[in-house]
Structures are given as C-alpha cells and as structure tokens.
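Undergrad: Could you have a look at this structure, given as structure tokens, before my questions?
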Amino acid sequence: MKTSLSQSYLSITSLGLFIFCLFFFSTNSFALSTANTTIQQDSITFQQYSGKVVDVHSNNKLVFASLLISGTNVSTITNSDGEFLLKVPSKLHNAKVLVSFLGYHSREIALSSLKKTKSTITLAPAITKLSEVVFTLSKDAKSLVRKTFKKKGENTLDKHLLMTAFYRETIKKRKKNVSLAEAIVHIYKQPYTSLRKDDVKLYKSRKSTDYTRLDTIAVKLQGGPYNALYVDLMKYPEYLFTDNSFDYYSYSFAPSVSINDKPVYVVKFKQHSYIEEPLYFGTLYIDAESLALTSAIFNLNVENKERASKLFVKKKPKDIVVTPLNIAYRVDYREKNGKWYYGYSNAQLSFKINKKRKLFNSIYSLTSEMAVTDWKLNSQKEVLKYKLRMSKSIIISDEASGFSDPKFWGAYNVIEPERSIESAIAKIKKQLKKIK
C-alpha cells in the first residue's frame with residue numbers, strides 16, 4: 001500500500017519547487033529582444049564524437065563521468081543518461097582521451113578508436129578493502145549517514161568565507177545549444193552550522209541565445225547560481241535528509257573505494273517503495289577516517305511523471321505537457337588542513353515537451369554547474385548589502401550582459417559549452433588576477 005507523507009515532505013522536495021523552476025513561453029514574445037543575438041561560432045574545424053560511459057560489469061550508466069583530451073583543455077562530462085558529446089579540433093585527431101569517474105579506474109584511449117556516434121566506453125570500479133579497524137567504525141549504512149551529517153561542524157570549514165566562483169548554465173533542444181550563460185559570482189558563504197543561507201553577488205556575466213532553434217516554445221531556468229549552490233548537501237541537508245526524512249530511505253553499502261589514496265565508504269540510498277511522492281536515490285562518498293562527505297551523486301525519482309513535473313514547472317501554456325525524463329545532481333567537496341568545504345556542483349535536468357494536436361515532441365536538457373575558483377576567510381563577518389544580493393528567483397539569461405566586456409572574457413568572446421568548467425576556470429583566474 002502506498003503511503004503519502006506529512007508536511008515534512010514539502011521541505012524535502014523544495015529543492016525542486018524552490019530553485020529549479022522552468023518557464024515555457026511562446027517564442028513570439030522574444031522576437032524583438034533576441035533578433036540580433038546568435039550563438040557565436042569559431043572558424044576552427046571540429047570533429048564530433050558521441051556515445052556513452054558505463055560500468056564494465058553491470059553496464060550501468062555513469063553520470064558525470066569526465067572525458068579529457070590529454071594535454072589540452074578540451075573536455076566534457078556525461079549527462080544524466082551517461083551519454084557524452086565531445087567536440088575536438090580536427091588537428092587533434094591523433095590525441096588520446098582520458099576517461100575518469102569517481103571511484104573507478106581511469107582509462108586513456110586513442111581518439112581514433114572512438115566511433116563518431118554510439119561509442120561505448122567501459123570503466124572498472126577501483127575497489128579497495130578497508131582495514132578491520134576502519135570498517136568497524138560503522139557496520140550500518142543508515143547510522144553512518146547520520147553520523148556524517150552530525151559531524152559536519154567538526155569536519156567542515158565552519159567559518160564565514162568569501163568565495164569567488166565560476167557559474168555556467170546551458171539549455172539545449174536535443175543536441176543543439178539554445179541558450180548559454182556564464183558568470184563570475186562572489187559567494188558570502190555562511191558557516192555550515194548556521195541556519196542562515198548563503199548570499200551571492202553577480203560580478204561578471206555573459207550570454208549567447210538563439211531562440212530561432214526553439215520552434216514554438218522557449219525555456220528559461222529560474223534560480224541561476226543558486227541552482228548549483230543549494231546542491232551543497234552539508235549546508236542544506238533539509239533539501240534531502242532531515243531527522244524525519246532519514247526513515248523515508250533505505251541504505252546499503254557498495255564496495256568501498258580509494259580516492260586520492262584515502263579509503264572511502266560508498267553508501268547507496270533510495271526511497272522506500274511504499275512512498276508514492278517523488279524523492280531521491282543516489283550514492284554518498286564518505287571519508288572512512290573522518291566520516292566527512294567528500295562527494296554525492298543523486299537523482300530525483302521521476303517514475304510519477306505528473307508529480308515530478310509539478311515540482312519544476314512554474315509557468316507554461318495550457319496546450320503544453322511537460323514530462324521530466326532525468327533530474328540528476330552532483331556535489332564535490334575539497335579538503336584543506338583536515339577541513340572540507342564546497343568546491344563544485346552540477347545539476348542536469350531533461351524534459352520532454354508535447355504540444356497538444358502536434359505529432360512530434362521536443363527534448364530539452366538544462367545544465368547548471370558552478371566551481372569555486374578562490375576563497376578566503378571573511379574574518380570581519382562582512383554581510384552583503386541587500387541591494388547587491390542576487391535574487392534567488394533570478395533568470396540569468398535575462399540578467400547577463402552579453403558580450404560587452406571583451407577585455408575580461410577574452411578576444412574571441414566564444415562560450416564553449418563542451419569545454420569543462422575546470423578549464424574555463426584557469427582563464428578566469430588569470431583575468432581576476434589582472435584586475436586585482
């Protein structure tokens with residue numbers, strides 16, 4: 001028998017309700033404002049390779065696996081279906097591709113061995129056997145997860161911080177880029193034990209949008225950098241794990257792995273089958289010695305299409321039906337002097353759009369990711385003035401200033417969606433140093 005949850009369910013699913021709101025409009029309303037805005041193209045010729053990355057044993061898709069052309073900044077990550085699209089300059093046809101995924105052995109393969117389409121790359125788990133002393137710290141997966149969140153004040157960098165971060169947002173219709181936006185933001189990071197939410201200030205932004213590729217529907221993503229920031233589970237556990245919601249999930253140990261030569265617990269979780277509301281399932285990576293959360297990869301359960309859709313769609317025409325296909329998240333933490341802090345997060349959403357009395361449907365995918373490029377202690381506990389705070393309901397594609405600052409962004413002013421956020425950070429850091 002299915003069970004409906006109490007009011008506490010609302011706080012758990014608010015990750016969808018609050019920050020990942022989609023707006024669907026008729027593109028006619030954008031005709032004047034976007035007529036002169038097109039996606040920039042580079043004169044360099046490229047070769048495209050597509051396929052998927054899977055577990056060598058189970059054939060399960062590996063979401064957010066990284067593919068990097070060795071010795072270059074050309075890279076991409078797999079989407080929520082484990083699929084990738086890698087654009088490589090033609091002159092690099094003899095290059096090698098480094099394929100990696102958290103908790104798996106990396107592989108370096110010749111680019112020439114990849115098919116132009118439907119390549120399958122397999123990775124093997126990097127299993128490590130934890131010592132008996134470490135393993136006896138917790139034999140129950142559920143208790144281990146509880147301990148991890150209870151120890152956040154001890155394991156996290158629990159101080160006021162000023163962070164600089166690079167944010168990127170991509171909207172695609174099938175495989176075609178429709179809207180791209182990038183921004184540099186300053187984050188006023190609150191202590192992990194504080195109930196106060198983080199504030200964000202927009203520093204630089206740019207966008208490139210082509211609504212002519214949308215036919216009759218345009219999609220906008222509300223939330224901007226907050227989309228990525230609120231995936232920080234240690235700061236915002238109420239979006240997934242609360243004292244009440246722990247019991248909504250079952251937990252189990254997967255084979256432990258070694259990350260950066262440190263033993264790591266791998267815990268799988270999923271909602272109980274008797275709960276009908278869409279909750280989450282995923283994997284937590286927990287440092288075996290400190291019990292600090294080092295990474296988390298999780299998805300929203302979208303089996304109940306109608307309920308899942310209501311979590312995300314804020315506005316749409318009456319003749320449009322929106323069906324969520326995949327909702328996936330990732331957060332990575334970095335460690336310094338034994339303390340962990342937010343370093344990177346990614347959210348990928350894909351939806352099928354049907355218009356009544358229309359034979360064909362459209363598939364839209366939205367990616368929102370952010371990486372911290374620099375941080376320092378906010379020793380004076382400086383507070384961002386209200387008028388300078390970025391709105392939590394911001395639509396970054398509306399606020400971005402376009403290509404109006406070539407000195408900062410570079411001479412070519414080309415947003416490269418298939419390039420990894422890490423490679424973009426290297427250029428941004430140089431520009432920030434020049435300004436300072």
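Ordering of the structure tokens sets the chain letters (A, B, ...); residue numbers start at 1 within each chain; ligands are numbered from 1 in the order shown.
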Within 8 Å of A:Ser66, counting only C-alpha atoms, which residues show up once you throw out same-chain ones fewer than 3 positions away? Write them as a list in words, please.
TA: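 Returned residues: Ser75, Thr76, Ile77, Thr78, Leu98, Val99, Ser100 and Phe101 of chain A.
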Undergrad: Kindly export the residues of the current selection with C-alpha atoms, as an mmCIF file, in the first residue's frame.
TA:
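Saved result, out_5.cif, follows:
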data_model
loop_
_atom_site.group_PDB
_atom_site.id
_atom_site.type_symbol
_atom_site.label_atom_id
_atom_site.label_comp_id
_atom_site.auth_asym_id
_atom_site.auth_seq_id
_atom_site.Cartn_x
_atom_site.Cartn_y
_atom_site.Cartn_z
ATOM 1 C CA SER A 75 36.817 18.026 -22.276
ATOM 2 C CA THR A 76 33.221 17.245 -21.462
ATOM 3 C CA ILE A 77 31.140 15.249 -18.980
ATOM 4 C CA THR A 78 28.424 12.660 -19.468
ATOM 5 C CA LEU A 98 41.392 10.330 -20.584
ATOM 6 C CA VAL A 99 38.099 8.956 -19.229
ATOM 7 C CA SER A 100 37.523 9.101 -15.449
ATOM 8 C CA PHE A 101 34.753 8.694 -12.905
#
Undergrad: So that I can see what lies close to A:Thr120, please list as a count of residues only the residues with an atom at most 12 Å from it, counting only C-alpha atoms and leaving out residues fewer than 6 positions away in the same chain.
TA: 20
Undergrad: For the strand (DSSP E) assignment from backbone DSSP, which residues of stretch 237-418 of chain A qualify? Please present them as a ChimeraX atom specification.
TA: /A:249-259,262-271,280-287,293-300,313-315,320-336,339-355,362-377
Undergrad: Would you pick out the contacts of stretch 376-385 of chain A at 8 Å or less, using only C-alpha atoms, so that residues sharing its chain but fewer than 3 positions from it are not included, and give the list as a ChimeraX atom specification?
TA: /A:159-163,188,199,201,388-389
Undergrad: Show which residues sit within 6 Å of stretch 146-158 of chain A, as number ranges by chain. Count only C-alpha atoms, and ignore same-chain residues fewer than 5 positions away.
TA: A: 191-193, 291-292, 339-341
Undergrad: Find the residue from A:Leu202, A:Gln48, A:Tyr333, A:Lys91 that sits nearest to A:Lys118; use only C-alpha atoms when measuring.
TA: A:Gln48
Undergrad: Give me the residues near A:Ile286 as a list in words, where near means some atom within 8 Å (using only C-alpha atoms) and where sequence neighbours in that chain fewer than 6 positions away do not count.
TA: Thr148, Val264, Tyr265, Val266, Val267, Ala292, Leu293, Thr294 and Ser295 of chain A
Undergrad: Generate a file of the selected residues that holds N, CA and C atoms, formatted as a tab-separated table (two decimals), in the first residue's frame.
TA:
chain	number	residue	atom	x	y	z
A	148	THR	N	27.63	11.17	9.60
A	148	THR	CA	28.27	12.10	8.67
A	148	THR	C	27.66	13.50	8.79
A	264	VAL	N	37.43	5.25	1.24
A	264	VAL	CA	36.15	5.95	1.22
A	264	VAL	C	35.01	4.94	1.27
A	265	TYR	N	34.05	5.16	2.19
A	265	TYR	CA	32.81	4.38	2.19
A	265	TYR	C	31.95	4.81	1.01
A	266	VAL	N	31.27	3.87	0.40
A	266	VAL	CA	30.30	4.17	-0.65
A	266	VAL	C	28.94	3.67	-0.18
A	267	VAL	N	28.00	4.59	-0.01
A	267	VAL	CA	26.67	4.25	0.50
A	267	VAL	C	25.62	4.58	-0.55
A	292	ALA	N	33.66	12.43	6.84
A	292	ALA	CA	33.24	13.64	6.12
A	292	ALA	C	32.69	13.24	4.75
A	293	LEU	N	31.65	13.94	4.31
A	293	LEU	CA	31.11	13.71	2.98
A	293	LEU	C	32.06	14.34	1.97
A	294	THR	N	32.57	13.54	1.04
A	294	THR	CA	33.50	14.05	0.03
A	294	THR	C	32.82	14.32	-1.30
A	295	SER	N	31.78	13.55	-1.61
A	295	SER	CA	31.03	13.73	-2.85
A	295	SER	C	29.65	13.09	-2.70
Undergrad: I need the alpha helix (DSSP H) residues of stretch 147-393 of chain A per DSSP on the backbone, written as a PyMOL selection string.
TA: chain A and resi 147-150+152-155+225-229+305-312
Undergrad: Export, as a PDB file, in the first residue's frame, the selected residues with N, CA and C atoms.
TA:
ATOM      1  N   LYS A 147      25.766   9.834  11.162  1.00  0.00           N
ATOM      2  CA  LYS A 147      27.000  10.324  11.780  1.00  0.00           C
ATOM      3  C   LYS A 147      27.669  11.383  10.908  1.00  0.00           C
ATOM      4  N   THR A 148      27.630  11.168   9.597  1.00  0.00           N
ATOM      5  CA  THR A 148      28.269  12.105   8.670  1.00  0.00           C
ATOM      6  C   THR A 148      27.665  13.497   8.794  1.00  0.00           C
ATOM      7  N   PHE A 149      26.340  13.575   8.864  1.00  0.00           N
ATOM      8  CA  PHE A 149      25.703  14.884   8.957  1.00  0.00           C
ATOM      9  C   PHE A 149      25.811  15.479  10.361  1.00  0.00           C
ATOM     10  N   LYS A 150      25.865  14.641  11.364  1.00  0.00           N
ATOM     11  CA  LYS A 150      26.027  15.145  12.728  1.00  0.00           C
ATOM     12  C   LYS A 150      27.424  15.714  12.954  1.00  0.00           C
ATOM     13  N   LYS A 152      29.181  17.450  10.797  1.00  0.00           N
ATOM     14  CA  LYS A 152      29.538  18.480   9.826  1.00  0.00           C
ATOM     15  C   LYS A 152      30.231  19.679  10.482  1.00  0.00           C
ATOM     16  N   GLY A 153      29.863  20.009  11.712  1.00  0.00           N
ATOM     17  CA  GLY A 153      30.531  21.113  12.393  1.00  0.00           C
ATOM     18  C   GLY A 153      31.988  20.814  12.682  1.00  0.00           C
ATOM     19  N   GLU A 154      32.300  19.546  12.837  1.00  0.00           N
ATOM     20  CA  GLU A 154      33.675  19.116  13.122  1.00  0.00           C
ATOM     21  C   GLU A 154      34.502  18.960  11.853  1.00  0.00           C
ATOM     22  N   ASN A 155      33.871  18.500  10.772  1.00  0.00           N
ATOM     23  CA  ASN A 155      34.614  18.182   9.549  1.00  0.00           C
ATOM     24  C   ASN A 155      34.650  19.293   8.512  1.00  0.00           C
ATOM     25  N   PRO A 225      22.816  30.909 -10.228  1.00  0.00           N
ATOM     26  CA  PRO A 225      23.832  30.252  -9.397  1.00  0.00           C
ATOM     27  C   PRO A 225      23.278  29.543  -8.161  1.00  0.00           C
ATOM     28  N   TYR A 226      22.105  29.954  -7.679  1.00  0.00           N
ATOM     29  CA  TYR A 226      21.518  29.257  -6.527  1.00  0.00           C
ATOM     30  C   TYR A 226      21.161  27.812  -6.885  1.00  0.00           C
ATOM     31  N   ASN A 227      20.903  27.551  -8.172  1.00  0.00           N
ATOM     32  CA  ASN A 227      20.641  26.178  -8.588  1.00  0.00           C
ATOM     33  C   ASN A 227      21.760  25.255  -8.141  1.00  0.00           C
ATOM     34  N   ALA A 228      22.991  25.692  -8.408  1.00  0.00           N
ATOM     35  CA  ALA A 228      24.152  24.866  -8.074  1.00  0.00           C
ATOM     36  C   ALA A 228      24.496  24.960  -6.592  1.00  0.00           C
ATOM     37  N   LEU A 229      24.366  26.145  -6.011  1.00  0.00           N
ATOM     38  CA  LEU A 229      24.790  26.355  -4.631  1.00  0.00           C
ATOM     39  C   LEU A 229      23.989  25.523  -3.640  1.00  0.00           C
ATOM     40  N   LYS A 305       5.454  10.766 -13.207  1.00  0.00           N
ATOM     41  CA  LYS A 305       5.752  11.884 -14.088  1.00  0.00           C
ATOM     42  C   LYS A 305       4.964  13.144 -13.727  1.00  0.00           C
ATOM     43  N   GLU A 306       3.697  12.973 -13.415  1.00  0.00           N
ATOM     44  CA  GLU A 306       2.856  14.132 -13.141  1.00  0.00           C
ATOM     45  C   GLU A 306       3.305  14.869 -11.892  1.00  0.00           C
ATOM     46  N   ARG A 307       3.581  14.122 -10.818  1.00  0.00           N
ATOM     47  CA  ARG A 307       4.009  14.773  -9.568  1.00  0.00           C
ATOM     48  C   ARG A 307       5.381  15.407  -9.723  1.00  0.00           C
ATOM     49  N   ALA A 308       6.297  14.718 -10.414  1.00  0.00           N
ATOM     50  CA  ALA A 308       7.641  15.253 -10.599  1.00  0.00           C
ATOM     51  C   ALA A 308       7.607  16.532 -11.428  1.00  0.00           C
ATOM     52  N   SER A 309       6.744  16.579 -12.425  1.00  0.00           N
ATOM     53  CA  SER A 309       6.637  17.761 -13.267  1.00  0.00           C
ATOM     54  C   SER A 309       6.190  18.977 -12.469  1.00  0.00           C
ATOM     55  N   LYS A 310       5.268  18.778 -11.527  1.00  0.00           N
ATOM     56  CA  LYS A 310       4.748  19.884 -10.726  1.00  0.00           C
ATOM     57  C   LYS A 310       5.825  20.511  -9.846  1.00  0.00           C
ATOM     58  N   LEU A 311       6.882  19.764  -9.553  1.00  0.00           N
ATOM     59  CA  LEU A 311       7.959  20.301  -8.730  1.00  0.00           C
ATOM     60  C   LEU A 311       8.781  21.347  -9.466  1.00  0.00           C
ATOM     61  N   PHE A 312       8.757  21.305 -10.803  1.00  0.00           N
ATOM     62  CA  PHE A 312       9.685  22.116 -11.568  1.00  0.00           C
ATOM     63  C   PHE A 312       9.037  23.168 -12.459  1.00  0.00           C
TER      64      PHE A 312
END
Undergrad: List as a list in words the protein and nucleic acid residues near A:Asp374, meaning an atom at most 12 Å away when only C-alpha atoms are counted, but skip any in the same chain fewer than 3 places from it.
TA: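 After dropping sequence-adjacent residues, the list is Leu161, Leu162, Met163, Thr164, Ala165, Phe166, Ile184, Val185, His186, Ile187, Arg334, Tyr341, Tyr342, Gly343, Tyr344, Ala371, Leu377, Ile425, Ala426, Ile428, Lys429, Lys430, Leu432 and Lys433 of chain A.
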Undergrad: What would the file look like if the residues just selected were written as a JSON list (two decimals), in the first residue's frame with C-alpha atoms?
TA:
[["chain", "number", "residue", "atom", "x", "y", "z"],
["A", 161, "LEU", "CA", 34.03, 32.66, 3.87],
["A", 162, "LEU", "CA", 34.24, 34.90, 0.82],
["A", 163, "MET", "CA", 34.28, 32.71, -2.28],
["A", 164, "THR", "CA", 34.74, 33.50, -5.95],
["A", 165, "ALA", "CA", 33.05, 31.01, -8.27],
["A", 166, "PHE", "CA", 32.53, 30.40, -11.97],
["A", 184, "ILE", "CA", 31.60, 35.13, -12.15],
["A", 185, "VAL", "CA", 29.95, 35.44, -8.74],
["A", 186, "HIS", "CA", 31.06, 36.27, -5.22],
["A", 187, "ILE", "CA", 29.58, 33.97, -2.56],
["A", 334, "ARG", "CA", 37.53, 19.92, -1.24],
["A", 341, "TYR", "CA", 34.31, 22.90, 2.00],
["A", 342, "TYR", "CA", 32.05, 23.24, -1.04],
["A", 343, "GLY", "CA", 34.03, 23.08, -4.28],
["A", 344, "TYR", "CA", 31.85, 22.06, -7.21],
["A", 371, "ALA", "CA", 33.01, 25.69, -9.29],
["A", 377, "LEU", "CA", 38.21, 33.85, 5.39],
["A", 425, "ILE", "CA", 38.38, 28.48, -14.54],
["A", 426, "ALA", "CA", 42.07, 28.67, -15.47],
["A", 428, "ILE", "CA", 39.06, 33.30, -15.41],
["A", 429, "LYS", "CA", 41.69, 33.20, -12.64],
["A", 430, "LYS", "CA", 44.19, 34.97, -14.89],
["A", 432, "LEU", "CA", 40.79, 38.19, -11.98],
["A", 433, "LYS", "CA", 44.48, 38.49, -11.04]]
Undergrad: Got a sec: who's within 12 Å of A:His105, counting only C-alpha atoms, leaving out chain neighbours fewer than 6 positions off, as a ChimeraX atom specification?
TA: /A:55-56,65,98-99,122-128,257-260
Undergrad: To one decimal place, how far is atom CA of A:Asn301 from atom CA of A:Phe281 in Å?
TA: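 So the answer is 6.8 Å.
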Undergrad: Using only C-alpha atoms, which of A:Asp232, A:His93, A:Leu284, A:Ala328 sits nearest A:Ser345?
TA: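 Between A:Asp232, A:His93, A:Leu284, A:Ala328, the residue approaching A:Ser345 most closely is A:Asp232.
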Undergrad: Would you compute the distance between atom CA of A:Ile320 and atom CA of A:Ile353? Give it in Å to one decimal.
TA: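 Computing the Euclidean distance for atom CA of A:Ile320 and atom CA of A:Ile353 yields 6.8 Å.
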